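Note sheet for the following structure.
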Amino acid sequence: MQRPGPYTLALLIVLAGSYVLQLVLESAGTPLVYHLGLFYDLDPSLAWRVLTYPLVDGSVLNRLLGLLFSYWMLAPHEQRWGGPATLVLALAGTLGASLLCLPVGLLGFASPLVGLSGLLWAPIGRLLVDAADQPVQVFSLRLPNARAAIALLLLLPAASALYNHDVTPLLEALGAGAAGYFVGLTAMRRALRAPRRPPPKAARKHPFQVIRGGRDDDDDQRPKYLN
């Protein structure tokens with residue numbers, strides 16, 4: 001099992017601790033979910049909820065599964081791209097999911113947004129950049145490329161939307177996946193535009209060459225310098 005990097009580990013601790021705080025405050029009669037979850041209204045003083053909804057969740061099982069999948073998705077990303085890039089990806093996915101759900105929710109066709117789905121779909125969307133034409137393994141299935149893998153994974157929120165008559169899971173997946181793809185595309189373009197460092201210059205040879213020997217006797221073996 002891959003060891004999580006410091007950014008992934010810190011993020012998992014924050015997400016686990018926030019849910020424990022949610023449970024404690026709910027037992028005391030203060031529902032934290034109404035302060036941090038994304039409920040669809042036009043109150044500008046609650047604008048932070050487009051980013052804070054992953055801090056709360058609907059059930060203990062959802063949070064545990066979300067933490068497990070977050071570890072699986074973000075730990076390899078941090079190992080390859082670094083901690084700051086992983087944090088940017090997580091925030092972009094969270095924001096992308098909420099911005100797509102918000103207008104639909106204002107029309108009354110989406111449920112309130114809580115949980116880690118937006119954070120999870122961002123690294124999946126980035127696969128379209130990092131592994132566009134490479135084989136991808138989803139659990140025990142080996143698929144030809146990232147497009148096939150994402151199409152298969154999208155069947156899960158699509159089926160949930162049809163079964164529960166709620167498009168929120170599908171909107172989360174699409175919004176966060178698009179944000180992850182944009183982050184990956186931006187990173188790739190920045191890497192292509194970055195100036196390449198010139199190869200190191202070869203060490204300059206000295207104009208004189210040292211030759212050992214030059215006399216037959218063994219008492220004086222001083223080097224001779226020839227131009």
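Starting from 1 in every chain, residues are counted up; chains themselves are A, B, ... following the order of the structure tokens, and ligands are numbered from 1 as listed.
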**Request:** Enumerate, as a ChimeraX atom specification, the complete set of residues in region 5-202 of chain A that a backbone-based DSSP assignment places in strand (DSSP E).
**Result:** /A:136-138,141-143
Output the selection as a short mmCIF file (atom, residue, chain, number, x, y, z; two decimals), in the first residue's frame - C-alpha atoms for each residue.
```cif
data_model
loop_
_atom_site.label_atom_id
_atom_site.label_comp_id
_atom_site.auth_asym_id
_atom_site.auth_seq_id
_atom_site.Cartn_x
_atom_site.Cartn_y
_atom_site.Cartn_z
CA VAL A 136 -5.85 2.11 -17.35
CA GLN A 137 -6.79 -0.50 -14.78
CA VAL A 138 -10.09 0.02 -12.94
CA LEU A 141 -10.52 -4.50 -15.40
CA ARG A 142 -7.77 -3.39 -17.77
CA LEU A 143 -9.13 -0.79 -20.19
#
```
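If you count only C-alpha atoms and ignore residues fewer than 3 places along the chain from Ala131 (chain A), what sits within 7 Å of it is Leu127, Leu128, Gln134, Asn145 and Ala146 of chain A.
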Can you tell me, as an mmCIF file with N, CA and C atoms, in the first residue's frame, which residues in region 9-126 of chain A count as alpha helix (DSSP H) by DSSP?
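Now in result_7.cif:
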```cif
data_model
loop_
_atom_site.group_PDB
_atom_site.id
_atom_site.type_symbol
_atom_site.label_atom_id
_atom_site.label_comp_id
_atom_site.auth_asym_id
_atom_site.auth_seq_id
_atom_site.Cartn_x
_atom_site.Cartn_y
_atom_site.Cartn_z
ATOM 1 N N LEU A 9 -1.863 13.361 3.346
ATOM 2 C CA LEU A 9 -2.107 12.961 4.733
ATOM 3 C C LEU A 9 -2.785 14.086 5.508
ATOM 4 N N ALA A 10 -2.309 15.319 5.333
ATOM 5 C CA ALA A 10 -2.927 16.448 6.030
ATOM 6 C C ALA A 10 -4.379 16.645 5.589
ATOM 7 N N LEU A 11 -4.634 16.488 4.294
ATOM 8 C CA LEU A 11 -6.001 16.642 3.790
ATOM 9 C C LEU A 11 -6.921 15.571 4.366
ATOM 10 N N LEU A 12 -6.448 14.332 4.426
ATOM 11 C CA LEU A 12 -7.264 13.257 4.990
ATOM 12 C C LEU A 12 -7.553 13.495 6.471
ATOM 13 N N ILE A 13 -6.571 14.001 7.203
ATOM 14 C CA ILE A 13 -6.775 14.287 8.630
ATOM 15 C C ILE A 13 -7.821 15.384 8.808
ATOM 16 N N VAL A 14 -7.740 16.431 7.977
ATOM 17 C CA VAL A 14 -8.718 17.523 8.068
ATOM 18 C C VAL A 14 -10.117 17.020 7.757
ATOM 19 N N LEU A 15 -10.250 16.212 6.721
ATOM 20 C CA LEU A 15 -11.572 15.713 6.321
ATOM 21 C C LEU A 15 -12.148 14.753 7.360
ATOM 22 N N ALA A 16 -11.299 13.928 7.947
ATOM 23 C CA ALA A 16 -11.778 13.037 9.000
ATOM 24 C C ALA A 16 -12.144 13.828 10.259
ATOM 25 N N GLY A 17 -11.295 14.792 10.623
ATOM 26 C CA GLY A 17 -11.577 15.583 11.813
ATOM 27 C C GLY A 17 -12.821 16.440 11.677
ATOM 28 N N SER A 18 -13.057 16.976 10.487
ATOM 29 C CA SER A 18 -14.251 17.805 10.298
ATOM 30 C C SER A 18 -15.521 16.986 10.444
ATOM 31 N N TYR A 19 -15.475 15.734 10.001
ATOM 32 C CA TYR A 19 -16.683 14.907 10.145
ATOM 33 C C TYR A 19 -16.910 14.511 11.603
ATOM 34 N N VAL A 20 -15.826 14.241 12.331
ATOM 35 C CA VAL A 20 -15.975 13.975 13.767
ATOM 36 C C VAL A 20 -16.573 15.193 14.468
ATOM 37 N N LEU A 21 -16.112 16.391 14.097
ATOM 38 C CA LEU A 21 -16.682 17.613 14.662
ATOM 39 C C LEU A 21 -18.158 17.752 14.300
ATOM 40 N N GLN A 22 -18.506 17.375 13.079
ATOM 41 C CA GLN A 22 -19.903 17.413 12.668
ATOM 42 C C GLN A 22 -20.760 16.523 13.560
ATOM 43 N N LEU A 23 -20.285 15.317 13.835
ATOM 44 C CA LEU A 23 -21.043 14.394 14.684
ATOM 45 C C LEU A 23 -21.179 14.941 16.111
ATOM 46 N N VAL A 24 -20.089 15.519 16.631
ATOM 47 C CA VAL A 24 -20.131 16.049 17.995
ATOM 48 C C VAL A 24 -21.112 17.213 18.089
ATOM 49 N N LEU A 25 -21.064 18.129 17.123
ATOM 50 C CA LEU A 25 -21.948 19.287 17.168
ATOM 51 C C LEU A 25 -23.403 18.890 16.921
ATOM 52 N N GLU A 26 -23.631 17.897 16.087
ATOM 53 C CA GLU A 26 -25.009 17.443 15.864
ATOM 54 C C GLU A 26 -25.588 16.828 17.126
ATOM 55 N N SER A 27 -24.765 16.101 17.884
ATOM 56 C CA SER A 27 -25.252 15.536 19.146
ATOM 57 C C SER A 27 -25.552 16.622 20.169
ATOM 58 N N VAL A 33 -23.835 20.751 9.190
ATOM 59 C CA VAL A 33 -24.065 20.567 7.767
ATOM 60 C C VAL A 33 -24.801 21.758 7.164
ATOM 61 N N TYR A 34 -25.622 22.442 7.950
ATOM 62 C CA TYR A 34 -26.356 23.592 7.426
ATOM 63 C C TYR A 34 -25.476 24.836 7.296
ATOM 64 N N HIS A 35 -24.318 24.801 7.926
ATOM 65 C CA HIS A 35 -23.404 25.937 7.839
ATOM 66 C C HIS A 35 -22.318 25.730 6.782
ATOM 67 N N LEU A 36 -21.975 24.477 6.506
ATOM 68 C CA LEU A 36 -20.883 24.204 5.577
ATOM 69 C C LEU A 36 -21.340 23.508 4.302
ATOM 70 N N ARG A 49 -19.513 28.261 0.982
ATOM 71 C CA ARG A 49 -19.980 26.876 0.979
ATOM 72 C C ARG A 49 -19.679 26.157 -0.336
ATOM 73 N N VAL A 50 -19.332 26.896 -1.391
ATOM 74 C CA VAL A 50 -18.932 26.218 -2.627
ATOM 75 C C VAL A 50 -17.623 25.460 -2.449
ATOM 76 N N LEU A 51 -16.882 25.765 -1.383
ATOM 77 C CA LEU A 51 -15.627 25.073 -1.095
ATOM 78 C C LEU A 51 -15.653 24.273 0.203
ATOM 79 N N THR A 52 -16.618 24.542 1.093
ATOM 80 C CA THR A 52 -16.604 23.887 2.410
ATOM 81 C C THR A 52 -17.469 22.639 2.480
ATOM 82 N N VAL A 60 -21.713 8.053 8.078
ATOM 83 C CA VAL A 60 -20.376 7.572 8.431
ATOM 84 C C VAL A 60 -19.806 6.719 7.303
ATOM 85 N N LEU A 61 -20.645 5.889 6.684
ATOM 86 C CA LEU A 61 -20.170 5.029 5.599
ATOM 87 C C LEU A 61 -19.694 5.860 4.411
ATOM 88 N N ASN A 62 -20.448 6.882 4.057
ATOM 89 C CA ASN A 62 -20.025 7.751 2.955
ATOM 90 C C ASN A 62 -18.673 8.400 3.237
ATOM 91 N N ARG A 63 -18.482 8.830 4.482
ATOM 92 C CA ARG A 63 -17.216 9.482 4.813
ATOM 93 C C ARG A 63 -16.063 8.491 4.783
ATOM 94 N N LEU A 64 -16.263 7.299 5.303
ATOM 95 C CA LEU A 64 -15.184 6.317 5.299
ATOM 96 C C LEU A 64 -14.796 5.918 3.878
ATOM 97 N N LEU A 65 -15.792 5.670 3.030
ATOM 98 C CA LEU A 65 -15.500 5.334 1.642
ATOM 99 C C LEU A 65 -14.846 6.510 0.919
ATOM 100 N N GLY A 66 -15.310 7.715 1.211
ATOM 101 C CA GLY A 66 -14.721 8.893 0.596
ATOM 102 C C GLY A 66 -13.264 9.074 0.980
ATOM 103 N N LEU A 67 -12.940 8.840 2.242
ATOM 104 C CA LEU A 67 -11.548 8.949 2.686
ATOM 105 C C LEU A 67 -10.676 7.875 2.038
ATOM 106 N N LEU A 68 -11.218 6.665 1.914
ATOM 107 C CA LEU A 68 -10.453 5.585 1.299
ATOM 108 C C LEU A 68 -10.155 5.886 -0.171
ATOM 109 N N PHE A 69 -11.165 6.304 -0.912
ATOM 110 C CA PHE A 69 -10.949 6.602 -2.325
ATOM 111 C C PHE A 69 -10.096 7.862 -2.505
ATOM 112 N N SER A 70 -10.212 8.808 -1.589
ATOM 113 C CA SER A 70 -9.343 9.990 -1.661
ATOM 114 C C SER A 70 -7.883 9.595 -1.522
ATOM 115 N N TYR A 71 -7.620 8.676 -0.611
ATOM 116 C CA TYR A 71 -6.246 8.185 -0.457
ATOM 117 C C TYR A 71 -5.774 7.498 -1.735
ATOM 118 N N TRP A 72 -6.601 6.644 -2.315
ATOM 119 C CA TRP A 72 -6.215 5.920 -3.525
ATOM 120 C C TRP A 72 -5.947 6.855 -4.702
ATOM 121 N N MET A 73 -6.718 7.932 -4.789
ATOM 122 C CA MET A 73 -6.597 8.814 -5.945
ATOM 123 C C MET A 73 -5.521 9.880 -5.761
ATOM 124 N N LEU A 74 -5.389 10.424 -4.568
ATOM 125 C CA LEU A 74 -4.518 11.581 -4.372
ATOM 126 C C LEU A 74 -3.077 11.213 -4.015
ATOM 127 N N ALA A 75 -2.875 10.077 -3.358
ATOM 128 C CA ALA A 75 -1.506 9.700 -2.986
ATOM 129 C C ALA A 75 -0.614 9.483 -4.214
ATOM 130 N N PRO A 76 -1.066 8.747 -5.243
ATOM 131 C CA PRO A 76 -0.205 8.640 -6.440
ATOM 132 C C PRO A 76 -0.012 9.969 -7.150
ATOM 133 N N HIS A 77 -1.045 10.827 -7.123
ATOM 134 C CA HIS A 77 -0.905 12.129 -7.773
ATOM 135 C C HIS A 77 0.141 12.972 -7.076
ATOM 136 N N GLU A 78 0.170 12.953 -5.757
ATOM 137 C CA GLU A 78 1.176 13.742 -5.036
ATOM 138 C C GLU A 78 2.571 13.193 -5.271
ATOM 139 N N GLN A 79 2.686 11.867 -5.354
ATOM 140 C CA GLN A 79 4.005 11.290 -5.608
ATOM 141 C C GLN A 79 4.543 11.714 -6.972
ATOM 142 N N ARG A 80 3.656 11.874 -7.943
ATOM 143 C CA ARG A 80 4.107 12.212 -9.299
ATOM 144 C C ARG A 80 4.238 13.707 -9.509
ATOM 145 N N TRP A 81 3.277 14.502 -9.016
ATOM 146 C CA TRP A 81 3.224 15.918 -9.348
ATOM 147 C C TRP A 81 3.517 16.834 -8.168
ATOM 148 N N GLY A 83 2.951 17.964 -3.785
ATOM 149 C CA GLY A 83 1.863 18.321 -2.886
ATOM 150 C C GLY A 83 1.058 19.540 -3.290
ATOM 151 N N PRO A 84 1.696 20.671 -3.636
ATOM 152 C CA PRO A 84 0.899 21.841 -4.032
ATOM 153 C C PRO A 84 -0.005 21.572 -5.225
ATOM 154 N N ALA A 85 0.483 20.829 -6.216
ATOM 155 C CA ALA A 85 -0.358 20.512 -7.375
ATOM 156 C C ALA A 85 -1.537 19.640 -6.967
ATOM 157 N N THR A 86 -1.339 18.756 -6.012
ATOM 158 C CA THR A 86 -2.431 17.904 -5.535
ATOM 159 C C THR A 86 -3.478 18.724 -4.803
ATOM 160 N N LEU A 87 -3.045 19.692 -4.010
ATOM 161 C CA LEU A 87 -3.991 20.557 -3.306
ATOM 162 C C LEU A 87 -4.789 21.407 -4.296
ATOM 163 N N VAL A 88 -4.128 21.934 -5.315
ATOM 164 C CA VAL A 88 -4.822 22.707 -6.349
ATOM 165 C C VAL A 88 -5.851 21.843 -7.062
ATOM 166 N N LEU A 89 -5.489 20.599 -7.354
ATOM 167 C CA LEU A 89 -6.421 19.698 -8.029
ATOM 168 C C LEU A 89 -7.647 19.420 -7.163
ATOM 169 N N ALA A 90 -7.436 19.186 -5.880
ATOM 170 C CA ALA A 90 -8.563 18.919 -4.982
ATOM 171 C C ALA A 90 -9.491 20.125 -4.880
ATOM 172 N N LEU A 91 -8.925 21.323 -4.761
ATOM 173 C CA LEU A 91 -9.749 22.527 -4.685
ATOM 174 C C LEU A 91 -10.477 22.788 -5.996
ATOM 175 N N ALA A 92 -9.804 22.538 -7.121
ATOM 176 C CA ALA A 92 -10.444 22.748 -8.421
ATOM 177 C C ALA A 92 -11.621 21.797 -8.609
ATOM 178 N N GLY A 93 -11.451 20.535 -8.231
ATOM 179 C CA GLY A 93 -12.551 19.589 -8.343
ATOM 180 C C GLY A 93 -13.724 19.954 -7.450
ATOM 181 N N THR A 94 -13.427 20.392 -6.228
ATOM 182 C CA THR A 94 -14.484 20.821 -5.309
ATOM 183 C C THR A 94 -15.260 21.998 -5.878
ATOM 184 N N LEU A 95 -14.539 22.972 -6.418
ATOM 185 C CA LEU A 95 -15.189 24.158 -6.976
ATOM 186 C C LEU A 95 -15.938 23.826 -8.265
ATOM 187 N N GLY A 96 -15.361 22.985 -9.118
ATOM 188 C CA GLY A 96 -16.014 22.634 -10.363
ATOM 189 C C GLY A 96 -17.338 21.927 -10.143
ATOM 190 N N ALA A 97 -17.389 21.016 -9.175
ATOM 191 C CA ALA A 97 -18.633 20.311 -8.886
ATOM 192 C C ALA A 97 -19.699 21.260 -8.360
ATOM 193 N N SER A 98 -19.319 22.155 -7.449
ATOM 194 C CA SER A 98 -20.304 23.063 -6.868
ATOM 195 C C SER A 98 -20.819 24.078 -7.887
ATOM 196 N N LEU A 99 -19.932 24.555 -8.764
ATOM 197 C CA LEU A 99 -20.374 25.548 -9.745
ATOM 198 C C LEU A 99 -21.322 24.953 -10.784
ATOM 199 N N LEU A 100 -21.194 23.652 -11.061
ATOM 200 C CA LEU A 100 -22.133 23.028 -11.986
ATOM 201 C C LEU A 100 -23.447 22.678 -11.298
ATOM 202 N N CYS A 101 -23.383 22.306 -10.035
ATOM 203 C CA CYS A 101 -24.605 21.959 -9.303
ATOM 204 C C CYS A 101 -25.405 23.189 -8.896
ATOM 205 N N LEU A 102 -24.718 24.318 -8.688
ATOM 206 C CA LEU A 102 -25.391 25.500 -8.146
ATOM 207 C C LEU A 102 -26.527 26.003 -9.030
ATOM 208 N N PRO A 103 -26.342 26.248 -10.327
ATOM 209 C CA PRO A 103 -27.473 26.748 -11.119
ATOM 210 C C PRO A 103 -28.604 25.741 -11.241
ATOM 211 N N VAL A 104 -28.264 24.450 -11.310
ATOM 212 C CA VAL A 104 -29.321 23.431 -11.379
ATOM 213 C C VAL A 104 -30.076 23.371 -10.054
ATOM 214 N N GLY A 105 -29.330 23.515 -8.956
ATOM 215 C CA GLY A 105 -29.982 23.519 -7.654
ATOM 216 C C GLY A 105 -30.888 24.729 -7.448
ATOM 217 N N LEU A 106 -30.488 25.877 -7.956
ATOM 218 C CA LEU A 106 -31.327 27.072 -7.838
ATOM 219 C C LEU A 106 -32.645 26.907 -8.596
ATOM 220 N N SER A 117 -17.369 13.614 -3.278
ATOM 221 C CA SER A 117 -17.432 13.185 -4.682
ATOM 222 C C SER A 117 -16.706 14.157 -5.603
ATOM 223 N N GLY A 118 -16.876 15.452 -5.361
ATOM 224 C CA GLY A 118 -16.203 16.427 -6.213
ATOM 225 C C GLY A 118 -14.703 16.320 -6.132
ATOM 226 N N LEU A 119 -14.189 16.096 -4.930
ATOM 227 C CA LEU A 119 -12.740 15.968 -4.763
ATOM 228 C C LEU A 119 -12.212 14.712 -5.449
ATOM 229 N N LEU A 120 -13.013 13.651 -5.489
ATOM 230 C CA LEU A 120 -12.556 12.385 -6.066
ATOM 231 C C LEU A 120 -12.533 12.401 -7.586
ATOM 232 N N TRP A 121 -13.463 13.118 -8.210
ATOM 233 C CA TRP A 121 -13.555 13.074 -9.662
ATOM 234 C C TRP A 121 -12.523 13.962 -10.347
ATOM 235 N N ALA A 122 -11.892 14.856 -9.630
ATOM 236 C CA ALA A 122 -10.876 15.717 -10.250
ATOM 237 C C ALA A 122 -9.671 14.914 -10.757
ATOM 238 N N PRO A 123 -9.048 14.033 -9.943
ATOM 239 C CA PRO A 123 -7.936 13.243 -10.493
ATOM 240 C C PRO A 123 -8.375 12.280 -11.579
ATOM 241 N N ILE A 124 -9.634 11.847 -11.559
ATOM 242 C CA ILE A 124 -10.132 10.991 -12.641
ATOM 243 C C ILE A 124 -10.190 11.784 -13.942
ATOM 244 N N GLY A 125 -10.670 13.026 -13.867
ATOM 245 C CA GLY A 125 -10.715 13.855 -15.064
ATOM 246 C C GLY A 125 -9.336 14.171 -15.600
ATOM 247 N N ARG A 126 -8.362 14.284 -14.721
ATOM 248 C CA ARG A 126 -7.005 14.604 -15.177
ATOM 249 C C ARG A 126 -6.375 13.446 -15.940
#
```
**Prompt:** Restricting the calculation to only C-alpha atoms, which member of A:Val56, A:Leu38, A:Ala159, A:Leu153 is positioned closest to Ala110 (chain A)?
**Reply:**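 Using only C-alpha atoms, Ala110 (chain A) sits closest to A:Leu38.
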**Asked** Of the residues A:Pro135, A:Leu174, A:Ala47, A:Tyr40, which is the one nearest to Phe109 (chain A), using only C-alpha atoms?
**Response**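 Using only C-alpha atoms, the shortest distance to Phe109 (chain A) belongs to A:Tyr40.
Proximity of A:Ile150, A:Leu107, A:Ser140, A:Ala176 to Leu42 (chain A), computed with only C-alpha atoms, is greatest for A:Leu107.
Picture a line from CA of Leu113 (chain A) to CA of Ser160 (chain A); it runs 14.9 Å.
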